[in-house]
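Novice: I have a structure I would like to understand better, so I am pasting it below and will then ask my questions one at a time.
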Amino acid sequence: MTMGEEKKIEMEEVDGVAIPPRARVTPDFERKRDYLAGFLAEKKPEPDKGGPGGELQEAVIEALKSIYDPEIPVDIYELGLIYDVAISEDGDAVVTMTLTTPHCPVAESMPAEVELRVLSVPGIRDAEVKLVWDPPWDPSKMSDEARLELGML
């Protein structure tokens, strides 16, 4: 088929179809080996303390959830102001965040507070906060918990 060539679709109208036979399991049915059981019994490697989904990243996120927007009774993580939390193997954290508006009254103090809270997490060696305006924050970035708290659900 070449570009610009139309596809031809054929349709057939029917009154009904036969019901497929039901599967029956009888006593003489031999059960095949359950591959899922072997998969579930397999030992998973221990998660890294750093990196995405690691314990250190989770601890940093919990610390961020303790910072509340001064005008809205919801923490900055649930508000969707935190775009990324990256943790290096050495324990260096880089938090990419935004604010609800560039004219936010805490535009100067909030990044510093975020940096201090992240530095307070045991295992974090250094913290950097990147304040970005692109993509701009909008209410769609809020979690369902935040929407519920603000009566938006």
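Residue numbering restarts at 1 for every chain of the structure tokens, chains are lettered A, B, ... in their displayed order, and ligands are numbered from 1 as they appear.
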Set the distance at 10 Å and use only C-alpha atoms: which residues neighbour Glu145 in chain A once local chain neighbours fewer than 4 positions away are removed? I'd like the list as a list in words.
Specialist: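 Answer for this query is Val74, Glu78, Leu79, Glu149, Leu150, Gly151, Met152 and Leu153 of chain A.
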Novice: Find the residues near Val118 in chain A: any atom within 12 Å, counting only C-alpha atoms, skip ones fewer than 4 places away on the same chain, and give them as a ChimeraX atom specification.
Specialist: /A:56-67,85-87,91-95,111-114,122-129
Novice: Take the residues just selected and output them with C-alpha atoms as a JSON list (two decimals), in the first residue's frame.
Specialist:
```json
[["chain", "number", "residue", "atom", "x", "y", "z"],
["A", 56, "LEU", "CA", 16.74, 7.66, 49.85],
["A", 57, "GLN", "CA", 14.48, 9.09, 47.15],
["A", 58, "GLU", "CA", 11.40, 8.02, 49.15],
["A", 59, "ALA", "CA", 12.84, 9.68, 52.28],
["A", 60, "VAL", "CA", 13.42, 12.92, 50.36],
["A", 61, "ILE", "CA", 9.84, 12.83, 49.02],
["A", 62, "GLU", "CA", 8.54, 12.34, 52.57],
["A", 63, "ALA", "CA", 10.57, 15.38, 53.67],
["A", 64, "LEU", "CA", 9.09, 17.42, 50.80],
["A", 65, "LYS", "CA", 5.59, 16.38, 51.89],
["A", 66, "SER", "CA", 6.23, 18.21, 55.18],
["A", 67, "ILE", "CA", 6.48, 21.58, 53.37],
["A", 85, "VAL", "CA", 13.67, 14.22, 42.64],
["A", 86, "ALA", "CA", 16.98, 12.76, 41.44],
["A", 87, "ILE", "CA", 19.43, 11.12, 43.85],
["A", 91, "GLY", "CA", 23.73, 10.90, 47.99],
["A", 92, "ASP", "CA", 23.53, 14.16, 46.05],
["A", 93, "ALA", "CA", 19.94, 15.29, 45.53],
["A", 94, "VAL", "CA", 18.65, 17.47, 42.71],
["A", 95, "VAL", "CA", 15.06, 18.65, 43.13],
["A", 111, "PRO", "CA", 13.59, 26.95, 47.24],
["A", 112, "ALA", "CA", 15.84, 27.58, 50.25],
["A", 113, "GLU", "CA", 13.38, 25.78, 52.55],
["A", 114, "VAL", "CA", 13.21, 22.84, 50.13],
["A", 122, "PRO", "CA", 19.97, 11.19, 56.62],
["A", 123, "GLY", "CA", 22.14, 9.94, 53.75],
["A", 124, "ILE", "CA", 21.89, 13.12, 51.65],
["A", 125, "ARG", "CA", 25.34, 14.62, 51.10],
["A", 126, "ASP", "CA", 24.34, 17.68, 49.07],
["A", 127, "ALA", "CA", 21.13, 19.21, 47.72],
["A", 128, "GLU", "CA", 20.43, 21.45, 44.76],
["A", 129, "VAL", "CA", 17.05, 22.98, 43.97]]
```
Novice: Using only C-alpha atoms, determine which residues lie at most 7 Å from Thr98 in chain A, disregarding the query and same-chain residues fewer than 5 positions distant; provide the list as a PyMOL selection string.
Specialist: chain A and resi 81-82+131-133+137
Novice: Using the selection just defined, write its residues with C-alpha atoms as a PDB file, in the first residue's frame.
Specialist:
```pdb
ATOM      1  CA  LEU A  81       5.097  21.681  42.474  1.00  0.00           C
ATOM      2  CA  ILE A  82       7.865  19.044  42.581  1.00  0.00           C
ATOM      3  CA  LEU A 131      13.401  26.361  40.134  1.00  0.00           C
ATOM      4  CA  VAL A 132      11.812  26.130  36.684  1.00  0.00           C
ATOM      5  CA  TRP A 133       8.864  27.847  35.042  1.00  0.00           C
ATOM      6  CA  TRP A 137       2.224  24.776  36.960  1.00  0.00           C
TER       7      TRP A 137
END
```
Novice: Neighbouring residues of Asp69 in chain A were defined as those with any atom within 9 Å, considering only C-alpha atoms; residues of the same chain fewer than 3 positions away were excluded. Please report them as a PyMOL selection string.
Specialist: chain A and resi 72-76+79+106+110
